[in-house]
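Here's the structure we're looking at; comments come further down.
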Number of protein chains: 4
Amino acid sequence: MESQVLLIDCPDQPGLVHAITGVLFRAGFNIISNHEFVDVSSRHFFMRTAFAAAAVPEALLPELRQLLPANARIRLFGLGKRPVVLMATKEAHCLGDLLLRYAYGDLPIQVLAVISNYDTLAPLVEQFNLPFHYISHQGLERAAHEQAVIAVLERYAFDYLVLAKYMRVLTPAFVERYPERIINIHHSFLPAFIGSNPYRQAFERGVKMIGATAHVVNNDLDDGPIIAQGVLPITHSSNPADLVIAGRDVEKTVLARGLKLVLEERVFIHKNRTVVFE
Amino acid sequence: MESQVLLIDCPDQPGLVHAITGVLFRAGFNIISNHEFVDVSSRHFFMRTAFAAAAVPEALLPELRQLLPANARIRLFGLGKRPVVLMATKEAHCLGDLLLRYAYGDLPIQVLAVISNYDTLAPLVEQFNLPFHYISHQGLERAAHEQAVIAVLERYAFDYLVLAKYMRVLTPAFVERYPERIINIHHSFLPAFIGSNPYRQAFERGVKMIGATAHVVNNDLDDGPIIAQGVLPITHSSNPADLVIAGRDVEKTVLARGLKLVLEERVFIHKNRTVVFE
Amino acid sequence: MESQVLLIDCPDQPGLVHAITGVLFRAGFNIISNHEFVDVSSRHFFMRTAFAAAAVPEALLPELRQLLPANARIRLFGLGKRPVVLMATKEAHCLGDLLLRYAYGDLPIQVLAVISNYDTLAPLVEQFNLPFHYISHQGLERAAHEQAVIAVLERYAFDYLVLAKYMRVLTPAFVERYPERIINIHHSFLPAFIGSNPYRQAFERGVKMIGATAHVVNNDLDDGPIIAQGVLPITHSSNPADLVIAGRDVEKTVLARGLKLVLEERVFIHKNRTVVFE
Amino acid sequence: MESQVLLIDCPDQPGLVHAITGVLFRAGFNIISNHEFVDVSSRHFFMRTAFAAAAVPEALLPELRQLLPANARIRLFGLGKRPVVLMATKEAHCLGDLLLRYAYGDLPIQVLAVISNYDTLAPLVEQFNLPFHYISHQGLERAAHEQAVIAVLERYAFDYLVLAKYMRVLTPAFVERYPERIINIHHSFLPAFIGSNPYRQAFERGVKMIGATAHVVNNDLDDGPIIAQGVLPITHSSNPADLVIAGRDVEKTVLARGLKLVLEERVFIHKNRTVVFE
C-alpha cells in the first residue's frame with residue numbers, strides 16, 4: 001500500500017489538528033507520521049500528515065475544505081518516484097549525481113528529460129538513455145530562449161524543475177509559471193562575497209569553509225526560501241581552482257539532500273521562509 | 001503564559017492523534033507544536049504536544065486515561081528551568097560549561113547541587129555559589145558509597161541527574177532508582193575501541209574523528225539509549241594528549257545539546273531506542 | 001611543467017630536512033610545498049615535498065640514498081592522473097561517483113578497468129566505455145577466485161586498487177601482493193556495532209550519526225590504517241533501510257576524499273597509522 | 001625542554017628551506033615539525049618550524065637575516081602559555097569559556113585581565129580571581145574611550161588582545177597600535193545578511209545553518225583575515241532568540257579553536273589572507 005501525504009497550511013486557530021485528524025480517522029486512514037508547527041511570529045499553521053492508502057484520496061478534500069479556514073492551502077500527494085525535468089549548463093557534477101541516483105534508486109525521482117543551453121552534457125545524459133534537449137541561448141533574446149524552453153517543458157508532466165547548475169538567470173515570467181516548483185543550488189560562503197568571481201574573493205580573504213544552499217526559486221536565481229545547506233572545510237593551500245572543485249562536492253551533496261526533502265513533500269514555503277519537516 | 005508539554009506513548013491504533021487533540025481542544029488549549037511518530041517496526045506511537053497554559057493542567061489526565069489504551073504512558077510537564085543535580089569526578093570541562101550555562105541562561109536548567117567523589121572541583125562549584133558535596137569512594141564498598149550519594153540526592157527535588165564526567169560505574173540498583181532520569185556523556189570513536197586507553201588505540205590506528213555520545217543511563221555507564229552525538233576532526237599531528245583535549249570539546253558540546261533536548265522533554269525512551277523530537 | 005612529489009620516511013635524526021632540501025636545491029628544483037612531521041612517540045620522520053620538474057627526476061635518488069639512513073624509504077611520483085583499477089560488487093553509489101569524477105575531471109584518476117564478482121554493474125561501467133571484468137566467485141575456492149582476479153589485474157599497470165564496495169574478504173596472500181596499494185571504504189557507527197546487520201543494531205540503539213571510513217587494506221577487509229572519515233546526522237525516523245541510503249552517501253563522499261589524498265601522495269603508512277599531509 | 005617556533009615569510013626564491021634548516025642544524029636544534037607553503041598566486045613563502053630548545057634562541061637571528069632576503073619577516077616565539085588580555089561587553093558565553101579553559105588548562109593561555117565597557121561581567125571575572133577593568137564608554141568620544149582602554153592595556157605585557165564579544169567598533173588608530181595582535185569572533189550566515197538584526201533576516205529567509213568566524217582585526221571590527229570558521233545546523237522551529245543561542249555556541253567553539261591556532265603561532269597573515277599550519 002502506497003504512502004499518501006496531506007499538507008495543510010493556514011492562519012492558526014484552535015482545534016486545527018483535531019479537525020484534520022478527525023477527517024482522516026473517519027475515512028479509516030491510520031496516520032504513520034504527523035508533523036505540525038505553528039510559526040508564532042506570523043501565527044501561521046503548518047501540518048504534514050503521512051498515511052497509508054491505496055490511492056490519493058481526493059474524496060477527503062471537500063470535508064477538509066468545509067472544516068478549514070477559507071484561505072487554507074490543502075494539498076494531497078502520493079509518495080513514491082516523482083517526475084522531474086533537470087536543467088543544466090556545462091558542469092556535470094550535480095547532473096551526474098542526480099542521474100546516478102535516478103538510475104540506482106537512492107532518491108525518489110523519475111527523471112523525464114534534461115534541458116541545457118549547451119550541448120556539453122549530451123553524452124552524459126544519453127549514457128542514461130534519457131532525452132537531452134539542447135536549446136542554445138545564442139542569438140536569442142532572454143524571453144525567446146525561455147519560450148523555447150517552455151515549449152519543451154510542456155511535453156513533460158513533471159512535478160519539479162531542478163536547476164542542476166543551470167547558469168542562466170530566469171525571468172520573473174518564467175518563475176511565476178512554475179511557482180514553488182523550481183529548485184536551485186548555488187555555492188555559499190561565510191561571509192558572502194558579492195560580485196564577480198566569489199571564489200577568488202573567498203581565496204583572498206582566507207576563507208576556511210565553502211558551503212552550498214539548495215533553495216526554491218522565486219524571483220531571482222540565487223535567492224528564495226532555503227531548503228538545505230551544507231559546508232566543507234577548506235584551507236589556505238586550496239587555490240581558487242581547488243575551491244571550485246570543493247564547491248562542486250558540497251553543491252551536489254546539498255542538492256541531493258534538499259531534493260529528497262522536496263520530493264517527499266517535507267517542505268512548506270511561507271513568505272520567504274521554509275518549514276522543513278525532516 | 002507558560003508552555004506546557006504533554007507526552008504520550010502507547011501501542012499504535014487508529015485515531016490517537018484525533019482523540020488526544022480533542023481533549024486539548026475541548027479544554028481550550030491552543031497547540032503550539034505537535035510531533036507525532038509511529039515506529040513501524042514496533043508499532044508504537046509517540047506524541048509530544050506543546051501548548052500554552054498558566055499551570056500544568058493535571059485535570060486533563062482522567063479524560064486522557066479514559067480515551068487511551070490502558071498501557072499508555074501519559075506525562076505532563078511545565079517547560080522552563082528544570083531542577084537538576086550534577087555529578088562529576090575530576091574533569092572540569094563538562095561541569096564548568098553547564099555551570100556557565102546555568103549562570104547565564106543558555107540552557108533551561110536550575111542546578112541544585114554538585115556531587116563528586118573527589119574534592120578537585122570544589123573551588124569551581126563554589127565560584128558559582130552552589131552546594132558541593134564531596135563523597136569520597138575511598139574505603140567504601142560500591143553499595144555503601146552509592147547509599148551516601150543517595151542520602152544527599154534525597155535532599156533535592158531534582159528532575160534529572162546529569163553525569164558530567166562522573167567516572168564511576170553505577171550499580172543496577174542505583175540506576176533503577178532514577179529510571180530514565182540519569183544522563184551521561186562519553187567519548188566515541190569511529191570505529192570504537194574496546195578496552196583500556198581508547199585514546200591511545202585511536203591514535204595508533206590513525207583515527208581522523210573523535211566523537212561524543214550523550215545517552216540515558218539504563219544498566220551500565222556507557223550504554224543506553226542515545227540522545228545526541230557529535231564529532232570533531234583530528235589529524236595525525238594530534239598525540240594522545242591532544243586527543244583527550246579534543247574529546248573534551250566534543251563531550252561538552254554534545255552534553256549541552258543532549259541535555260537541552262532532555263530538559264525540553266523532547267526525548268522518548270522506548271526499549272533501547274530514543275525518539276527525539278527536535 | 002608537471003608537479004613531482006618526493007616522499008621520505010625514516011627514523012628521525014638531526015639535519016634531515018636540511019639534507020633533503022639541499023639535494024633539491026643543488027638540482028635546481030624550487031619547492032612548491034613541503035610538509036614534515038616527526039612522530040614523537042615512535043621517533044619517525046615523514047616528509048612530503050612537491051616541486052616543479054619536467055619529469056620524475058630519478059637522478060636524485062642516488063644522492064638521497066647516500067645522505068639518508070640506510071633504512072629510509074624514498075619515493076618519487078609524478079603528480080597528475082593516476083592509473084587505478086576499481087573493484088565493486090553490486091552497489092553503484094561509490095563506483096558511479098568515481099566514474100563520474102573520472103569522466104569529468106574532479107579527481108586525478110585514470111580508471112583502467114572495473115572488476116566485479118557480479119554482473120550487476122556492467123551496464124554502468126559500459127556507459128563510461130570502460131572494460132568491465134565479471135569474475136564470479138560462484139563455485140570457486142577463495143584462492144582460485146583471487147587468482148582469476150589477479151590474472152586480470154596483471155593486464156593493467158595500475159598504481160592503486162580501489163575497493164568501491166567490493167564485499168568479499170581478501171586473503172592475506174592477495175593483500176600482500178599489493179602492499180599499501182589497496183584502498184577500501186566501509187561504514188562506521190559511533191559506537192561501533194559488531195556482528196551481522198550493524199544497521200539494524202544502530203537503529204535499535206537510536207544512533208544519531210552514521211559514518212564512513214576510508215582506509216588502506218592490510219590484513220583484513222575493514223581494518224587497516226585510516227585515511228579519511230566522515231559522518232552524516234540521522235534521526236529516529238530513519239528506518240534501517242534509510243540508514244543504508246544515508247550510509248551510501250557518506251561512503252561515497254569519504255571514499256572520494258580519501259582517494260584524492262592517496263592519488264596526490266599525501267598519505268604515509270607507518271605501522272598501523274597514517275600521516276596525512278592535507 | 002621547551003618548544004620554540006620560528007616563523008619566516010618572504011618573497012619566494014630557490015633554496016629557502018635548505019638555508020633556514022641549515023641554520024637550525026648548525027645550531028644543533030632538532031626539528032619537531034616543519035610546515036612550508038608557497039602561495040603560488042603571490043609567490044610568497046611561509047615557513048613554521050618547531051624545535052626543542054631551552055630558551056628562545058635569539059642568537060639565530062643574525063645568521064638568518066644574513067641568509068634571507070632583506071624584506072623577510074623572521075619571528076621567534078617560545079611555545080607555552082601565552083599572555084592575553086580579554087575584552088568583552090555584556091555576553092558571557094565566549095568570555096566564560098575562555099576563563100574556564102584558562103583555569104583548567106585546555107588552552108595555552110595566561111589571562112592577565114579583562115576589560116569591558118559594561119560592569120555586567122564583573123562577577124564572572126572576579127570568580128576567577130582576575131582583574132576586571134570597567135571602562136564605560138558613556139559620555140566619552142570614541143577616541144577618549146579608547147585612550148582609557150589603552151591606558152589600562154599598557155599595564156599588561158600581553159601577546160594578544162582577544163575580543164570575546166566586545167561590541168564596540170575600534171578606530172584604525174587603535175587597531176594599528178596592535179598589528180596582527182587583535183583577535184575577534186563574530187557570527188556568520190550563509191548567505192550573509194547585511195544591516196541590522198541579521199538573526200531576524202536569517203530567520204525570515206529560513207536559513208538552515210548558523211556559523212561563526214574568528215579573524216584577525218585589521219581595519220574594521222567584523223572584517224580581516226580569517227583564522228577559523230564553524231557552523232551549526234538550525235531549523236525552522238528556531239525563532240530569532242533560539243538563533244542567538246545557537247550563534248553563541250558556535251561563536252565560543254570557533255573562538256577557542258581559532259585562538260589555539262594563534263597562541264601556538266600557526267597563523268601567518270599576508271595581505272588579507274591567512275596561512276594556517278594546523
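Ordered as shown in the C-alpha cells, chains take letters A, B, and onward, while each chain numbers its residues from 1 and ligands are numbered from 1 in the order shown.
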Tell me, counting only C-alpha atoms, for each residue of chain A within 6 Å of chain B, which pair of atoms is nearest and how far apart they are in Å to one decimal, in rows ordered by chain and increasing number, as CSV.
residue,atom,partner,partner_atom,distance
A:Pro14,CA,B:Asn30,CA,5.1
A:Gly15,CA,B:Phe25,CA,5.4
A:His18,CA,B:His18,CA,4.9
A:Thr21,CA,B:His18,CA,5.0
A:Gly22,CA,B:His18,CA,5.5
A:Phe25,CA,B:Gly15,CA,5.4
A:Asn30,CA,B:Pro14,CA,5.2
A:Ile32,CA,B:Val38,CA,5.7
A:Ser33,CA,B:Phe37,CA,4.9
A:Asn34,CA,B:Glu36,CA,5.0
A:His35,CA,B:His35,CA,5.2
A:Glu36,CA,B:Asn34,CA,5.0
A:Phe37,CA,B:Ser33,CA,4.9
A:Val38,CA,B:Ile32,CA,5.6
Selected residues written out, N, CA, C and O atoms, as a compact mmCIF listing (two decimals), in the first residue's frame:
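So out.txt came out as:
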# COMPACT_ATOMS: atom_id res chain seq x y z
N PRO A 14 -7.57 27.59 17.06
CA PRO A 14 -7.66 26.39 17.90
C PRO A 14 -8.37 25.24 17.20
O PRO A 14 -9.31 25.46 16.40
N GLY A 15 -7.96 24.04 17.47
CA GLY A 15 -8.68 22.86 17.01
C GLY A 15 -8.30 22.34 15.65
O GLY A 15 -8.88 21.36 15.17
N HIS A 18 -7.03 18.59 15.60
CA HIS A 18 -8.14 17.72 15.94
C HIS A 18 -9.12 17.59 14.76
O HIS A 18 -9.55 16.49 14.40
N THR A 21 -7.30 15.60 11.78
CA THR A 21 -7.12 14.17 12.05
C THR A 21 -8.47 13.46 12.16
O THR A 21 -8.56 12.26 11.89
N GLY A 22 -9.50 14.20 12.50
CA GLY A 22 -10.84 13.60 12.53
C GLY A 22 -11.28 13.16 11.14
O GLY A 22 -11.84 12.08 10.95
N PHE A 25 -9.42 10.02 10.36
CA PHE A 25 -9.88 8.91 11.21
C PHE A 25 -11.21 8.37 10.69
O PHE A 25 -11.39 7.15 10.53
N ASN A 30 -4.97 5.28 8.84
CA ASN A 30 -4.10 5.35 10.01
C ASN A 30 -2.91 6.25 9.71
O ASN A 30 -2.25 6.11 8.67
N ILE A 32 0.74 7.55 9.80
CA ILE A 32 2.09 6.99 10.00
C ILE A 32 2.99 8.03 10.68
O ILE A 32 3.72 7.73 11.60
N SER A 33 2.93 9.24 10.18
CA SER A 33 3.68 10.29 10.86
C SER A 33 2.97 11.60 10.66
O SER A 33 2.28 11.82 9.66
N ASN A 34 3.12 12.45 11.65
CA ASN A 34 2.41 13.72 11.64
C ASN A 34 3.35 14.78 12.19
O ASN A 34 3.91 14.62 13.26
N HIS A 35 3.55 15.83 11.41
CA HIS A 35 4.33 16.97 11.90
C HIS A 35 3.43 18.19 11.87
O HIS A 35 2.74 18.42 10.87
N GLU A 36 3.48 18.94 12.93
CA GLU A 36 2.70 20.17 12.96
C GLU A 36 3.56 21.24 13.58
O GLU A 36 4.36 20.97 14.47
N PHE A 37 3.42 22.45 13.06
CA PHE A 37 4.23 23.56 13.55
C PHE A 37 3.43 24.84 13.39
O PHE A 37 2.78 25.05 12.36
N VAL A 38 3.46 25.66 14.42
CA VAL A 38 2.87 26.99 14.31
C VAL A 38 4.00 28.00 14.38
O VAL A 38 4.78 28.00 15.33
Those in stretch 17-265 of chain B with alpha helix (DSSP H) from DSSP, as JSON, numbers by chain: {"B": [17, 18, 19, 20, 21, 22, 23, 24, 25, 26, 60, 61, 62, 63, 64, 65, 66, 67, 93, 94, 95, 96, 97, 98, 99, 100, 101, 102, 103, 104, 122, 123, 124, 125, 126, 127, 142, 143, 144, 145, 146, 147, 148, 149, 150, 151, 152, 153, 172, 173, 174, 175, 176, 177, 198, 199, 200, 201, 202, 203, 204, 205, 240, 241, 242, 243, 244, 245, 246, 247, 248, 249, 250, 251, 252, 253, 254, 255, 256, 257, 258, 259, 260, 261, 262, 263]}
Residue set, stretch 59-272 of chain B restricted to strand (DSSP E or B), as a PyMOL selection string: chain B and resi 73-78+82-88+109-116+132-134+160-163+182-189+209-216+226-233+267-270
B:Leu112 surroundings by only C-alpha atoms, 12 Å radius, close-in-sequence under 4 positions cut, as a PyMOL selection string: chain B and resi 81-87+99+102-103+125+128-133+152-162
Residue contacts of C:Val207 (9 Å, only C-alpha atoms) excluding same-chain residues fewer than 5 positions away, as an MDAnalysis selection string: (chainID B and resid 225:229 273:274) or (chainID C and resid 189:191 201:202 234:236)
Atomic distance atom CA of B:Val244 - atom CA of B:Glu204, expressed in Å with one decimal: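 We find that atom CA of B:Val244 and atom CA of B:Glu204 lie 14.1 Å from each other.
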Separation of atom CA of B:Asn239 from atom CA of C:Leu263, in Å and rounded to one decimal: 25.9 Å
